[in-house]
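Take a look at the structure below.
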Amino acid sequence: MAIAPERVSEEKATRRVKARRQRIMEAMAAPTLTVAILLLWQFGVGAIGLSEFILPTPWSIAARIVHDYRLLFTNSLITIAEMIAGFVLAAIAGVLTALSIFYSRIFERAVYPILVALQTIPKVALAPLLVLYLGYGFAPKCFLAFLLAYFPIVIATVVGLKALDKAMVNLVRSMGATEWQTFFKIRLPAALPNVFGGFKVGISLAVIGAVIGEYVAADRGLGYLQLQASSQFDTTLSFAAVVAIALIGVVLFGALEVLERRVVFERESAK
Amino acid sequence: MSALKSTELGPAVGAMMHGVGVEIEGLTKIYETREGTEIMALDHTNITIEPGKFVAIVGPSGCGKSTLLSLIAGITPLTTGRILVAGEEVKRPHPTVGVVFQTDLLLYWRNITDNIMLPVEIKGWNRKEYLPRVNQLLKQVGLEGFGPKYPSELSGGMRQRAAICRALVQQPGLLLMDEPFGALDALTREQMIGDLQTMWLSLRNTVVFITHSIDEAVFLADRVIVMSPRPGKIDLDLQIAIDRPRGWKSRADRQFIDYMNQIRQVFEARGVLSKEAV
């Protein structure tokens, strides 16, 4: 009838061991695959007779990064400055535009369709024109970063503001809340997860904007460094720049996530 | 101005609330749909509710009972007629009114205490002064110690209890409840009905309770107003003279069953419920 208690605890123990093994395997999956790909790359290049000149190995890229860190660092700072400036402008302008769209029906009717239509223009194609208008310096890169980051921030913020349950608004209005209070007590906190979603897309695009701007015309920055490297068939340095660009994207995305966790209470996290 | 008045009165813990009267005169509400057609939700409705009474409004979906509530709450503009709460015409939400909606509408990013404090913050009162009252309310509804928890950590019934605390924190002279237990399971609902009665007996403020449950209405109310389908009109106005506190056994009382039947007959006559083929 009853199962012996020692049997039960034995089964529990094996189940626990199995569960732990599963967790470890899940946690190890991505790092293992990454290492495997890097190893394949490292030894595959020589094995299939590719010249390091065409495809440098991960090891030589890493060595180059260490060797030329000063060069990469100074150029990274330029690119970071361009894209952060572009992103911050996009965040401010994007949220303000979204608020105007949300609060003014006429503004929405006038601006929203145009914004959506503009979305279809590949903004990168504007880069040569921006150089023509804004010159070779900081401005066109910053502006391109701004352009790329602006739209997703606007759209995400509008969607976030509109998603609020009408009943919530009625609730605070029944307490006598002004629109100002309604905004700060419920609209803004409820929209924040979406706003941050827009920010995260925006910051990734801002990196792209800045680098593309540098490809078109620049005398400094990671995009410029890459062009220089390519013109001298220095593929290893070009790859080193790619790593730096990727790193910038990852670090800034991570920084936004840290900020988000401090500011935004995730609905899911408590469940 | 009235918010100021309430601050002077202070949030005396456990004090009896003073129910306020409600007068509804010639109230008509016409909605315009997006297609431009007009829907009359209420047609020249007159109701006078005495201070300190528990009034239930029963009716089928679409009879305008929820509309009536949001009109009293001052969150929907009326078409013609007028509503007086505590003798003052409702043009915007009246400060002495607390509302409980069908869903709890707790803010997921605020813990329970902060959720209950929401009206206190909005009215610009001192949070610290209200803290003892919040804790006392939580205790009264069986949520003692749940203040620091987040809504997602609570069950549906517990969340609705917290929503009731939020409506009561400002000691409303009039409590409006819009099918507050409609989203709860049958057992939780049963418990909540009993607890609401206990709570109300200690407060004795005016309550307008919207429901589509005949049983709920008869069990809780001093007076049941039955509304007919659109346009909403009053079909029956019934005083419920059953001693309080009412309990399980009251439901088996001859009186209780009679009241239920009277209401049911109105619904049958209106075609809301079909006659039983027995």
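The way I read the labels, and the way they are meant: chains A, B, ... in the order of the structure tokens, residue 1 as the first residue of every chain, and ligand 1 as the first ligand shown, with later ones counted on from there.
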
At a cut-off of 9 Å, can you tabulate as a Markdown table every residue of chain B near chain A together with its closest atom pair and the distance in Å to one decimal, using only C-alpha atoms and ordering rows by chain then number?
```
| residue | atom | partner | partner_atom | distance |
| --- | --- | --- | --- | --- |
| B:Ser70 | CA | A:Ser174 | CA | 8.7 |
| B:Ala73 | CA | A:Ser174 | CA | 6.2 |
| B:Gly74 | CA | A:Ser174 | CA | 6.9 |
| B:Ile75 | CA | A:Ser174 | CA | 6.1 |
| B:Thr76 | CA | A:Asn170 | CA | 8.9 |
| B:Arg92 | CA | A:Gly176 | CA | 7.7 |
| B:Pro93 | CA | A:Ser174 | CA | 5.4 |
| B:His94 | CA | A:Gly176 | CA | 7.5 |
| B:Pro95 | CA | A:Gly176 | CA | 6.9 |
| B:Val97 | CA | A:Ser174 | CA | 7.8 |
| B:Gly98 | CA | A:Met175 | CA | 7.2 |
| B:Val99 | CA | A:Ser174 | CA | 6.9 |
| B:Val100 | CA | A:Leu171 | CA | 8.4 |
| B:Phe101 | CA | A:Leu171 | CA | 7.9 |
| B:Thr103 | CA | A:Ala167 | CA | 8.8 |
| B:Leu105 | CA | A:Met168 | CA | 6.2 |
| B:Leu106 | CA | A:Met168 | CA | 8.5 |
| B:Leu107 | CA | A:Ile186 | CA | 7.8 |
| B:Tyr108 | CA | A:Arg267 | CA | 6.5 |
| B:Trp109 | CA | A:Phe265 | CA | 5.3 |
| B:Arg110 | CA | A:Phe265 | CA | 8.6 |
| B:Leu118 | CA | A:Val172 | CA | 8.2 |
| B:Pro119 | CA | A:Met175 | CA | 5.7 |
| B:Val120 | CA | A:Met175 | CA | 8.9 |
| B:Ile122 | CA | A:Ala177 | CA | 5.8 |
| B:Lys123 | CA | A:Gly176 | CA | 7.2 |
| B:Tyr150 | CA | A:Ala270 | CA | 7.6 |
| B:Pro151 | CA | A:Ala270 | CA | 8.9 |
| B:Ser152 | CA | A:Lys271 | CA | 5.9 |
| B:Glu153 | CA | A:Lys271 | CA | 6.9 |
| B:Ala167 | CA | A:Met175 | CA | 8.9 |
```

Report task. Could you give me the residues within stretch 42-252 of chain A that DSSP places in helix (DSSP H, G or I), as a VMD selection string? Result -> chain A and resid 42 to 47 58 to 67 69 to 103 105 to 119 123 to 134 138 to 162 166 to 174 179 to 216 222 to 231 235 to 252

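For stretch 97-109 of chain A, the residues within 8 Å (counting only C-alpha atoms, excluding itself and residues fewer than 6 positions away along the chain) are Val154, Ile155, Thr157, Val158, Leu161 and Lys162 of chain A.
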
Those selected residues, please, written with C-alpha atoms and delivered as a tab-separated table (two decimals), in the first residue's frame.
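Full text of out_14.tsv as output:
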```
chain	number	residue	atom	x	y	z
A	154	VAL	CA	8.79	56.70	-31.24
A	155	ILE	CA	6.84	53.63	-32.29
A	157	THR	CA	6.66	54.55	-26.87
A	158	VAL	CA	3.38	55.23	-28.69
A	161	LEU	CA	1.24	54.58	-24.03
A	162	LYS	CA	-1.73	53.26	-25.98
```

Query raised in the report: Near stretch 219-222 of chain A, within 7 Å and counting only C-alpha atoms, which residues show up once chain neighbours fewer than 6 positions away are dropped, as a PyMOL selection string?
Result: chain A and resi 75-76+78-79+211+241

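Restricting the calculation to only C-alpha atoms, the smallest distance between B:Asn126 and any of B:Gln170, B:Glu89, B:Arg34, B:Ile210 is found for B:Gln170.
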
Query raised in the report: atom CA of A:Ala156 to atom CA of A:Val263: how many Å, to one decimal?
Result: 17.0 Å
